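Below is the file coords26.cif, which contains mmCIF, C-alpha atoms and all ligand atoms.
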```
data_work
#
loop_
_atom_site.label_atom_id
_atom_site.label_comp_id
_atom_site.auth_asym_id
_atom_site.auth_seq_id
_atom_site.Cartn_x
_atom_site.Cartn_y
_atom_site.Cartn_z
CA MET A 1 62.12 -5.76 112.51
CA SER A 2 63.38 -9.24 113.25
CA ARG A 3 63.02 -11.99 110.68
CA PRO A 4 60.20 -14.42 111.57
CA GLU A 5 62.56 -17.37 111.02
CA GLU A 6 64.65 -16.18 113.96
CA THR A 7 61.88 -15.93 116.49
CA LEU A 8 59.90 -19.17 116.33
CA PRO A 9 59.46 -22.29 114.19
CA PRO A 10 56.87 -21.77 111.42
CA ASP A 11 54.09 -23.85 112.96
CA LEU A 12 54.27 -21.74 116.10
CA PHE A 13 54.97 -18.44 114.39
CA TYR A 14 52.04 -18.75 112.01
CA ASN A 15 49.46 -19.22 114.75
CA ASP A 16 45.90 -18.03 114.19
CA ARG A 17 46.70 -14.39 114.86
CA GLU A 18 49.83 -14.21 112.69
CA SER A 19 48.16 -16.22 109.92
CA ARG A 20 45.27 -13.80 109.80
CA LYS A 21 47.65 -10.84 109.78
CA TYR A 22 49.68 -12.41 107.00
CA THR A 23 46.71 -13.26 104.82
CA THR A 24 44.87 -9.95 105.24
CA SER A 25 47.77 -7.63 104.46
CA SER A 26 47.22 -6.57 100.85
CA ARG A 27 50.86 -5.54 100.49
CA ILE A 28 52.06 -9.03 101.42
CA GLN A 29 49.39 -10.58 99.19
CA ASN A 30 50.43 -8.52 96.17
CA VAL A 31 54.10 -9.35 96.61
CA GLN A 32 53.26 -13.05 97.06
CA SER A 33 51.12 -13.17 93.95
CA ASP A 34 53.70 -11.32 91.83
CA MET A 35 56.28 -13.87 92.91
CA THR A 36 53.93 -16.75 92.08
CA TYR A 37 53.40 -15.44 88.54
CA ARG A 38 57.16 -15.05 88.16
CA ALA A 39 57.77 -18.59 89.42
CA LEU A 40 55.11 -19.91 87.06
CA GLU A 41 56.84 -18.18 84.16
CA LEU A 42 60.15 -19.75 85.17
CA LEU A 43 58.58 -23.23 85.34
CA GLN A 44 57.89 -23.07 81.59
CA LEU A 45 55.02 -25.54 81.75
CA ASN A 46 53.54 -26.57 78.44
CA GLY A 47 50.08 -27.71 79.51
CA PRO A 48 47.80 -28.46 82.46
CA SER A 49 50.14 -29.87 85.12
CA LEU A 50 50.17 -31.49 88.52
CA ILE A 51 52.12 -29.15 90.79
CA LEU A 52 53.41 -29.46 94.33
CA ASP A 53 53.14 -26.21 96.30
CA ILE A 54 55.77 -26.29 99.03
CA GLY A 55 54.75 -24.20 102.02
CA CYS A 56 51.39 -23.43 100.41
CA GLY A 57 50.17 -21.44 103.42
CA SER A 58 46.69 -20.05 102.85
CA GLY A 59 46.62 -21.22 99.23
CA LEU A 60 47.38 -17.87 97.60
CA SER A 61 49.75 -19.36 95.01
CA GLY A 62 47.44 -22.31 94.53
CA GLU A 63 44.53 -20.06 93.60
CA ILE A 64 46.72 -18.59 90.90
CA LEU A 65 47.71 -22.05 89.62
CA SER A 66 44.04 -23.08 89.51
CA SER A 67 43.07 -19.98 87.55
CA VAL A 68 45.58 -20.18 84.68
CA SER A 69 43.42 -20.19 81.54
CA PRO A 70 43.54 -22.96 78.91
CA VAL A 71 45.03 -20.45 76.44
CA ASP A 72 47.98 -20.06 78.82
CA GLY A 73 48.38 -23.81 79.33
CA GLY A 74 46.24 -24.21 82.45
CA PRO A 75 44.45 -24.73 84.64
CA HIS A 76 46.86 -26.64 86.83
CA LEU A 77 46.03 -28.98 89.67
CA TRP A 78 48.07 -28.62 92.83
CA VAL A 79 48.78 -30.28 96.14
CA GLY A 80 49.95 -27.97 98.89
CA MET A 81 52.04 -28.85 101.93
CA ASP A 82 52.35 -26.62 104.96
CA ILE A 83 53.39 -27.02 108.57
CA SER A 84 50.96 -24.41 109.89
CA ALA A 85 47.47 -25.75 110.63
CA SER A 86 46.24 -22.15 111.05
CA MET A 87 47.35 -21.25 107.52
CA LEU A 88 45.75 -24.39 106.07
CA ASP A 89 42.57 -23.53 107.93
CA ILE A 90 42.38 -20.23 106.06
CA ALA A 91 42.93 -22.08 102.77
CA LEU A 92 40.08 -24.40 103.76
CA GLN A 93 37.76 -21.48 104.42
CA LYS A 94 38.58 -20.10 100.98
CA ASN A 95 37.49 -23.45 99.54
CA VAL A 96 40.61 -23.72 97.35
CA GLU A 97 40.58 -26.31 94.60
CA GLY A 98 43.90 -27.99 95.40
CA ASP A 99 44.53 -30.58 98.09
CA LEU A 100 46.09 -29.61 101.39
CA LEU A 101 48.52 -31.62 103.47
CA LEU A 102 49.69 -30.82 106.98
CA GLY A 103 53.37 -31.69 106.94
CA ASP A 104 56.92 -30.57 107.63
CA ILE A 105 58.96 -30.38 104.40
CA GLY A 106 62.09 -30.85 106.54
CA GLN A 107 60.83 -34.38 107.26
CA GLY A 108 60.68 -35.21 103.56
CA ILE A 109 58.15 -35.21 100.72
CA PRO A 110 55.70 -38.13 101.10
CA PHE A 111 55.01 -38.84 97.42
CA ARG A 112 56.08 -41.67 95.20
CA ALA A 113 58.73 -41.18 92.52
CA GLY A 114 57.84 -39.06 89.52
CA SER A 115 54.51 -37.79 90.90
CA PHE A 116 54.66 -34.13 89.92
CA ASP A 117 55.26 -32.21 86.70
CA ALA A 118 56.64 -29.32 88.71
CA ALA A 119 56.92 -27.72 92.12
CA VAL A 120 56.64 -24.17 93.31
CA SER A 121 57.54 -22.57 96.61
CA ILE A 122 57.06 -18.97 97.71
CA SER A 123 58.92 -17.62 100.76
CA ALA A 124 59.18 -20.99 102.51
CA ILE A 125 62.44 -22.89 102.15
CA GLN A 126 64.58 -20.58 104.32
CA TRP A 127 62.57 -22.01 107.23
CA LEU A 128 64.41 -25.29 106.68
CA CYS A 129 67.53 -23.67 108.09
CA ASN A 130 66.17 -23.20 111.57
CA ALA A 131 66.13 -26.24 113.76
CA GLU A 132 65.18 -26.26 117.39
CA SER A 133 66.45 -29.65 118.48
CA SER A 134 69.73 -31.45 117.98
CA GLU A 135 68.04 -34.33 116.15
CA ALA A 136 66.72 -31.91 113.54
CA ASN A 137 69.79 -30.08 112.22
CA PRO A 138 69.48 -27.81 109.14
CA GLN A 139 71.66 -30.08 106.95
CA GLY A 140 69.47 -33.08 107.68
CA ARG A 141 66.29 -31.13 107.04
CA LEU A 142 67.62 -29.63 103.80
CA SER A 143 68.79 -32.99 102.52
CA ARG A 144 65.52 -34.80 103.34
CA PHE A 145 63.61 -32.00 101.65
CA PHE A 146 65.67 -31.80 98.44
CA ASN A 147 66.09 -35.56 98.10
CA GLY A 148 62.35 -36.03 98.54
CA LEU A 149 61.55 -33.21 96.13
CA TYR A 150 63.94 -34.57 93.52
CA ALA A 151 62.37 -38.02 93.67
CA SER A 152 58.80 -36.70 93.61
CA LEU A 153 59.33 -34.80 90.34
CA ARG A 154 59.15 -36.48 86.98
CA ARG A 155 62.44 -36.49 85.07
CA GLY A 156 63.04 -33.13 83.43
CA GLY A 157 60.53 -31.53 85.83
CA ARG A 158 61.31 -28.18 87.38
CA ALA A 159 60.96 -26.61 90.78
CA VAL A 160 61.13 -22.88 91.37
CA CYS A 161 61.60 -21.77 94.96
CA GLN A 162 61.50 -18.08 95.80
CA PHE A 163 63.28 -17.68 99.12
CA TYR A 164 64.71 -15.20 101.59
CA PRO A 165 68.12 -16.41 102.75
CA LYS A 166 69.37 -14.71 105.90
CA ASN A 167 72.86 -14.20 104.41
CA ASP A 168 75.25 -15.51 101.74
CA ALA A 169 76.19 -18.52 103.86
CA GLN A 170 72.57 -19.62 104.09
CA ARG A 171 72.03 -18.98 100.39
CA SER A 172 74.89 -21.30 99.47
CA LEU A 173 73.93 -23.85 102.14
CA ILE A 174 70.51 -24.12 100.47
CA SER A 175 71.70 -24.23 96.87
CA SER A 176 74.45 -26.74 97.58
CA ALA A 177 71.94 -29.02 99.33
CA ALA A 178 69.83 -28.89 96.15
CA THR A 179 72.80 -29.76 93.95
CA LYS A 180 73.80 -32.60 96.27
CA ALA A 181 70.32 -34.09 95.82
CA GLY A 182 70.95 -34.24 92.07
CA PHE A 183 69.26 -31.07 90.88
CA GLY A 184 70.63 -28.83 88.19
CA ALA A 185 70.45 -25.58 90.13
CA GLY A 186 70.74 -21.88 89.46
CA ILE A 187 69.79 -18.77 91.40
CA LEU A 188 68.02 -15.97 89.61
CA GLU A 189 67.85 -12.53 91.18
CA ASP A 190 65.20 -9.99 90.19
CA ASP A 191 65.85 -6.31 90.93
CA PRO A 192 69.32 -7.09 92.33
CA GLY A 193 70.73 -4.67 94.87
CA THR A 194 67.38 -2.99 95.54
CA LYS A 195 64.97 -3.36 98.45
CA LYS A 196 62.67 -5.26 96.11
CA SER A 197 65.35 -7.84 95.28
CA LYS A 198 63.92 -11.37 94.96
CA LEU A 199 65.79 -14.64 94.74
CA TYR A 200 64.54 -17.69 92.87
CA LEU A 201 66.21 -21.04 93.16
CA VAL A 202 65.52 -22.68 89.81
CA LEU A 203 65.90 -26.47 89.90
CA THR A 204 65.73 -29.13 87.22
CA ALA A 205 65.34 -32.80 88.13
CA GLY A 206 67.28 -35.23 86.04
CA GLY A 207 69.54 -32.53 84.61
CA GLY A 208 70.18 -32.92 80.90
CA GLN A 209 68.83 -30.82 78.07
CA ASP A 210 66.08 -28.97 79.94
CA GLN A 211 68.49 -26.83 81.96
CA GLY A 212 67.94 -23.12 81.40
CA MET B 213 41.65 -34.97 99.57
CA LYS B 214 41.14 -36.15 96.05
CA LEU B 215 41.63 -39.79 95.15
CA LEU B 216 44.12 -38.59 92.55
CA THR B 217 46.39 -37.34 95.34
CA VAL B 218 45.98 -40.62 97.20
CA ASN B 219 47.44 -42.40 94.16
CA PHE B 220 50.70 -40.50 94.69
CA LEU B 221 50.99 -40.41 98.48
CA THR B 222 53.28 -42.86 100.25
CA CYS B 223 54.12 -43.49 103.87
CA ALA B 224 56.54 -40.82 105.12
CA VAL B 225 58.16 -42.96 107.81
CA LYS B 226 61.91 -43.44 107.27
CA GLY B 227 61.93 -47.23 107.36
CA CYS B 228 59.14 -47.45 104.79
CA LYS B 229 61.04 -45.91 101.89
CA GLY B 230 61.22 -48.43 99.09
CA SER B 231 58.95 -50.91 100.81
CA ALA B 232 56.23 -52.18 98.47
CA ALA B 233 53.74 -52.45 101.34
CA SER B 234 53.94 -48.71 102.06
CA PHE B 235 51.98 -47.85 98.90
CA PRO B 236 49.12 -47.30 98.55
CA LEU B 237 47.98 -46.23 101.99
CA HIS B 238 44.80 -47.99 103.10
CA PHE B 239 41.61 -46.28 104.21
CA GLU B 240 39.78 -46.79 107.47
CA ASP B 241 36.55 -45.06 108.51
CA ALA B 242 36.65 -42.88 105.40
CA GLU B 243 33.88 -40.37 104.75
CA LEU B 244 33.52 -39.19 101.18
CA GLU B 245 32.20 -36.10 99.50
CA GLN B 246 31.74 -35.22 95.86
CA ARG B 247 32.94 -31.81 94.73
CA GLU B 248 32.55 -30.64 91.18
CA ILE B 249 35.65 -29.54 89.31
CA GLY B 250 36.03 -28.56 85.65
CA TYR B 251 36.54 -31.50 83.30
CA ASN B 252 40.01 -31.19 81.81
CA PRO B 253 40.81 -33.96 79.30
CA THR B 254 44.25 -32.48 78.58
CA PHE B 255 45.16 -32.77 82.24
CA LEU B 256 43.81 -36.33 82.39
CA SER B 257 45.89 -37.36 79.37
CA ASN B 258 48.95 -35.82 80.99
CA ILE B 259 48.45 -37.64 84.28
CA LEU B 260 47.28 -41.00 82.92
CA PRO B 261 50.72 -42.57 82.28
CA ARG B 262 51.71 -41.78 85.89
CA LEU B 263 48.71 -43.39 87.54
CA ASP B 264 49.30 -46.65 89.37
CA TRP B 265 46.27 -48.62 88.24
CA ASP B 266 46.62 -51.43 90.77
CA ALA B 267 46.67 -48.86 93.55
CA ILE B 268 43.64 -47.05 92.14
CA THR B 269 41.76 -50.35 92.00
CA THR B 270 42.70 -51.12 95.61
CA THR B 271 41.69 -47.66 96.84
CA ALA B 272 38.44 -47.68 94.86
CA LEU B 273 37.44 -51.08 96.26
CA GLU B 274 38.20 -49.98 99.83
CA LEU B 275 35.91 -47.01 99.33
CA GLY B 276 33.15 -49.04 97.72
CA PHE B 277 33.61 -48.26 94.03
CA THR B 278 33.40 -51.45 92.02
CA ASN B 279 32.88 -50.41 88.41
CA LEU B 280 36.43 -49.52 87.49
CA PRO B 281 37.98 -50.93 84.28
CA ALA B 282 40.34 -53.84 85.08
CA THR B 283 43.17 -52.24 83.16
CA LYS B 284 44.25 -48.67 82.71
CA PRO B 285 42.41 -46.89 79.85
CA ASP B 286 44.75 -46.12 76.95
CA GLY B 287 43.78 -42.46 77.02
CA SER B 288 42.15 -42.24 73.63
CA PHE B 289 38.98 -40.18 73.21
CA GLU B 290 37.80 -41.55 69.85
CA THR B 291 34.56 -43.32 70.70
CA ALA B 292 31.66 -42.46 72.98
CA ASP B 293 32.67 -45.35 75.22
CA GLU B 294 36.19 -44.01 75.56
CA HIS B 295 34.83 -40.58 76.40
CA LYS B 296 32.67 -42.12 79.09
CA VAL B 297 35.63 -43.97 80.59
CA MET B 298 37.58 -40.72 80.89
CA ARG B 299 34.57 -38.87 82.32
CA ASP B 300 34.14 -41.59 84.95
CA LEU B 301 37.83 -41.40 85.75
CA HIS B 302 37.52 -37.64 86.18
CA THR B 303 34.63 -38.14 88.60
CA LEU B 304 36.50 -40.75 90.60
CA LEU B 305 39.94 -39.13 90.77
CA MET B 306 39.22 -35.42 90.68
CA GLU B 307 35.77 -35.06 92.21
CA THR B 308 35.73 -37.73 94.90
CA GLU B 309 37.26 -36.47 98.13
CA VAL B 310 37.99 -38.12 101.43
CA VAL B 311 37.01 -35.60 104.09
CA GLN B 312 37.37 -37.66 107.28
CA GLY B 313 39.04 -40.88 108.32
CA LYS B 314 42.54 -42.28 108.26
CA MET B 315 45.07 -43.77 105.90
CA VAL B 316 47.15 -46.61 107.24
CA CYS B 317 50.53 -47.91 106.08
CA ARG B 318 50.59 -51.71 105.71
CA ASN B 319 54.33 -51.76 106.30
CA CYS B 320 54.69 -49.89 109.60
CA GLY B 321 51.08 -49.48 110.70
CA HIS B 322 51.31 -45.70 110.99
CA ALA B 323 47.89 -44.06 110.62
CA TYR B 324 47.58 -40.66 108.96
CA GLN B 325 44.51 -38.82 110.18
CA ILE B 326 42.34 -36.91 107.75
CA LYS B 327 40.27 -34.03 109.09
CA GLU B 328 38.19 -31.70 106.93
CA GLY B 329 39.98 -33.18 103.94
CA ILE B 330 43.46 -32.39 105.26
CA ALA B 331 45.75 -35.34 105.92
CA ASN B 332 48.20 -34.96 108.76
CA PHE B 333 51.69 -36.09 107.70
CA LEU B 334 53.57 -34.59 110.65
CA LEU B 335 55.74 -37.30 112.17
CA PRO B 336 57.31 -37.62 115.60
CA ASN B 337 61.08 -37.12 115.26
CA HIS B 338 62.01 -40.77 115.84
CA LEU B 339 60.12 -41.83 112.69
CA VAL B 340 61.84 -39.31 110.40
ZN ZN A 401 54.94 -46.87 106.85
#
```

Written as structure tokens, that's how I'd like the structure from this file.
Amino acid sequence: MSRPEETLPPDLFYNDRESRKYTTSSRIQNVQSDMTYRALELLQLNGPSLILDIGCGSGLSGEILSSVSPVDGGPHLWVGMDISASMLDIALQKNVEGDLLLGDIGQGIPFRAGSFDAAVSISAIQWLCNAESSEANPQGRLSRFFNGLYASLRRGGRAVCQFYPKNDAQRSLISSAATKAGFGAGILEDDPGTKKSKLYLVLTAGGGQDQG
Amino acid sequence: MKLLTVNFLTCAVKGCKGSAASFPLHFEDAELEQREIGYNPTFLSNILPRLDWDAITTTALELGFTNLPATKPDGSFETADEHKVMRDLHTLLMETEVVQGKMVCRNCGHAYQIKEGIANFLLPNHLV
């Protein structure tokens, strides 16, 4: 099976048909929600927070953020960004509580400095590495994304991005772009070496004491 | 889109970064809806220091809300009046949504369309 990133850009790949397929497969949904809970754990939030969901798709992660109980430090409020109008349309039909923004994270993050307590991203940021035109090269897209993300987080705020790099070169391209933007960065791998292996890019804005 | 989110959004156009006129974005032809959401004073206290009160005042006036306090509440919940202020803030920021219309940048003039509550921030390549 070919990787979706290699066939089409995300706004074209996740058309109505693919979006429906993606959001009705219970296997995909379970994996996505497990990864969201893991990311949430890694964010180490200590109370109800304002969270940016990068590549929010149909709002699956967002629904989890909205449903964290007060005992567990929630519920959180989130703003989701996605490039696929079809995916956002499904989120809309589900009447999710967070706000939805149609946007390309490779063009930047349109929020003022220090807006968010944290950011989360599930299976999205590897899309930054494909670029169809010469004016939109991967380096430029990665740097606009990470610079924008860094600025939009409050100091000490964290971002956890689960991602599927195509290979080691892409993995280091992504993490070095994050470091260049000023993030303290580390990659965590769950179930390494197995088919279930999952990578999390764990980022801290402003560096300093809060670096796990 | 909640008015809370509006208080954090800026123009995405490259040349507008750092320009004072690019925040807040200004509403035209906005249609509003109220949607109930659980009152969460802990969240409000968390977010309060980050709110730009001048921008909230501007946005609220554009949308026809005139009864906002002139200065940012200090976030205390001691008295009944203070409770009411925070409740009102909850209603305005968390429960008031712009469902249709556009947001315009005063610096570059770019208009961001809002449809069914979703703002379109996709830019043509030459503006990135
Ligand atoms: Zn502008």

Contacts of Tyr200 in chain A within 10 Å, only C-alpha atoms, excl. fewer than 5 positions in-chain, as a list of chain:residue names: A:Met35, A:Arg38, A:Ala39, A:Leu42, A:Ser121, A:Ile122, A:Ser123, A:Ala159, A:Val160, A:Cys161, A:Gln162, A:Phe163, A:Tyr164, A:Gly186, A:Ile187, A:Leu188, A:Glu189, A:Asp190

Interface residues on chain B facing chain A, 6 Å, all atoms listed in the file, written as a CSV table (one decimal) with C-alpha atoms, in the frame of the given file:
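Output file result.csv follows:
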```csv
chain,number,residue,atom,x,y,z
B,213,MET,CA,41.6,-35.0,99.6
B,220,PHE,CA,50.7,-40.5,94.7
B,221,LEU,CA,51.0,-40.4,98.5
B,222,THR,CA,53.3,-42.9,100.2
B,224,ALA,CA,56.5,-40.8,105.1
B,255,PHE,CA,45.2,-32.8,82.2
B,330,ILE,CA,43.5,-32.4,105.3
B,331,ALA,CA,45.8,-35.3,105.9
B,332,ASN,CA,48.2,-35.0,108.8
B,333,PHE,CA,51.7,-36.1,107.7
B,334,LEU,CA,53.6,-34.6,110.6
B,340,VAL,CA,61.8,-39.3,110.4
```

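Each of B:Pro281, B:Pro236, B:Gly287, B:Gly276 was checked against Asn258 in chain B using all atoms listed in the file; the smallest atom-to-atom distance is that of B:Gly287.
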
Gap from CA of Gly59 in chain A to CA of Asn95 in chain A - Å, one decimal: 9.4 Å

Two-atom distance - CA of Arg247 in chain B, CA of Glu309 in chain B (Å):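 Value for the CA of Arg247 in chain B-CA of Glu309 in chain B distance: 7.2 Å.
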
Distance of CA of Pro336 in chain B from CA of Arg318 in chain B, expressed in Å to one decimal place: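 Rounded to one decimal, the two atoms are 18.5 Å apart.
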
Within-6 Å residues of ligand ZN 401 (chain A), basis all atoms listed in the file, as JSON, numbers by chain: {"B": [223, 225, 228, 234, 317, 319, 320, 322]}

Selection near range 265-274 of chain B, 8 Å with only C-alpha atoms, sequence-local residues under 3 positions removed, as a list in words: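 So, after excluding close chain neighbours, the residues are Asn219, Phe235, Pro236, His238, Phe239, Phe277, Thr278, Leu280, Ala282, Thr283 and Lys284 of chain B.
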
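Close to (57.1, -25.1, 110.8), meaning no more than 7 Å away when counting only C-alpha atoms, sit the residues Pro9, Pro10, Asp11, Leu12, Ile83, Ser84 and Asp104 of chain A.
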
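In this comparison, which uses all atoms listed in the file, the residue of B:Leu275, B:Leu263, B:Ala242, B:Val218 approaching Lys327 in chain B most closely is B:Ala242.
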
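Of the residues listed (B:Val311, B:Leu301, B:Ala232, B:Leu215), B:Leu301 shows the shortest atom-to-atom separation from Pro253 in chain B; distances use all atoms listed in the file.
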
How big is the axis-aligned box around all listed atoms of range 153-168 of chain A once 4 Å goes on each side, and where's its centre, in Å to one decimal, as AutoDock Vina command-line options?
```
--center_x 67.2 --center_y -25.3 --center_z 94.7 --size_x 24.1 --size_y 30.3 --size_z 30.5
```

Using all atoms listed in the file: which of A:Asn147, A:Ser61, A:Arg158, A:Lys196 has the shortest distance to Ala177 in chain A: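 Closest residue, counting all atoms listed in the file: A:Asn147.
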
Top pick for closest residue to Leu304 in chain B, considering B:Lys214, B:Lys229, B:Leu339, B:Phe289 and counting all atoms listed in the file: B:Lys214

Please complete range 165-186 of chain A so it has N, CA, C and O atoms, and hand it over as a tab-separated table (two decimals), in the coordinates of the input.
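Ended up saving to result_35.tsv:
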```tsv
chain	number	residue	atom	x	y	z
A	165	PRO	N	67.02	-15.95	101.89
A	165	PRO	CA	68.12	-16.41	102.75
A	165	PRO	C	68.55	-15.28	103.69
A	165	PRO	O	68.48	-14.11	103.32
A	166	LYS	N	68.97	-15.69	104.89
A	166	LYS	CA	69.37	-14.71	105.90
A	166	LYS	C	70.66	-14.00	105.48
A	166	LYS	O	70.85	-12.82	105.72
A	167	ASN	N	71.57	-14.76	104.83
A	167	ASN	CA	72.86	-14.20	104.41
A	167	ASN	C	73.44	-15.08	103.31
A	167	ASN	O	72.81	-16.06	102.89
A	168	ASP	N	74.63	-14.75	102.84
A	168	ASP	CA	75.25	-15.51	101.74
A	168	ASP	C	75.53	-16.96	102.13
A	168	ASP	O	75.41	-17.87	101.32
A	169	ALA	N	75.89	-17.16	103.40
A	169	ALA	CA	76.19	-18.52	103.86
A	169	ALA	C	74.94	-19.39	103.74
A	169	ALA	O	75.00	-20.54	103.26
A	170	GLN	N	73.81	-18.84	104.14
A	170	GLN	CA	72.57	-19.62	104.09
A	170	GLN	C	72.14	-19.86	102.63
A	170	GLN	O	71.65	-20.93	102.29
A	171	ARG	N	72.36	-18.85	101.82
A	171	ARG	CA	72.03	-18.98	100.39
A	171	ARG	C	72.83	-20.13	99.76
A	171	ARG	O	72.28	-20.95	99.03
A	172	SER	N	74.11	-20.22	100.09
A	172	SER	CA	74.89	-21.30	99.47
A	172	SER	C	74.63	-22.64	100.15
A	172	SER	O	74.71	-23.69	99.52
A	173	LEU	N	74.31	-22.61	101.45
A	173	LEU	CA	73.93	-23.85	102.14
A	173	LEU	C	72.71	-24.48	101.43
A	173	LEU	O	72.68	-25.69	101.14
A	174	ILE	N	71.73	-23.64	101.11
A	174	ILE	CA	70.51	-24.12	100.47
A	174	ILE	C	70.78	-24.60	99.04
A	174	ILE	O	70.39	-25.71	98.66
A	175	SER	N	71.51	-23.80	98.26
A	175	SER	CA	71.70	-24.23	96.87
A	175	SER	C	72.62	-25.44	96.76
A	175	SER	O	72.43	-26.29	95.88
A	176	SER	N	73.59	-25.55	97.68
A	176	SER	CA	74.45	-26.74	97.58
A	176	SER	C	73.71	-28.00	98.03
A	176	SER	O	73.96	-29.10	97.51
A	177	ALA	N	72.76	-27.85	98.96
A	177	ALA	CA	71.94	-29.02	99.33
A	177	ALA	C	71.11	-29.49	98.15
A	177	ALA	O	70.91	-30.69	97.94
A	178	ALA	N	70.62	-28.54	97.34
A	178	ALA	CA	69.83	-28.89	96.15
A	178	ALA	C	70.70	-29.63	95.13
A	178	ALA	O	70.28	-30.65	94.56
A	179	THR	N	71.89	-29.13	94.91
A	179	THR	CA	72.80	-29.76	93.95
A	179	THR	C	73.18	-31.16	94.41
A	179	THR	O	73.22	-32.10	93.62
A	180	LYS	N	73.43	-31.30	95.71
A	180	LYS	CA	73.80	-32.60	96.27
A	180	LYS	C	72.69	-33.63	96.04
A	180	LYS	O	72.95	-34.81	95.86
A	181	ALA	N	71.45	-33.18	96.04
A	181	ALA	CA	70.32	-34.09	95.82
A	181	ALA	C	70.19	-34.50	94.35
A	181	ALA	O	69.38	-35.36	94.01
A	182	GLY	N	70.97	-33.85	93.48
A	182	GLY	CA	70.95	-34.24	92.07
A	182	GLY	C	70.37	-33.19	91.14
A	182	GLY	O	70.39	-33.36	89.92
A	183	PHE	N	69.86	-32.11	91.71
A	183	PHE	CA	69.26	-31.07	90.88
A	183	PHE	C	70.29	-30.30	90.07
A	183	PHE	O	71.40	-30.03	90.56
A	184	GLY	N	69.94	-29.91	88.86
A	184	GLY	CA	70.63	-28.83	88.19
A	184	GLY	C	70.07	-27.56	88.80
A	184	GLY	O	68.86	-27.39	88.85
A	185	ALA	N	70.94	-26.71	89.34
A	185	ALA	CA	70.45	-25.58	90.13
A	185	ALA	C	71.07	-24.27	89.69
A	185	ALA	O	72.24	-24.20	89.34
A	186	GLY	N	70.25	-23.23	89.69
A	186	GLY	CA	70.74	-21.88	89.46
A	186	GLY	C	69.93	-20.91	90.28
A	186	GLY	O	68.78	-21.20	90.61
```
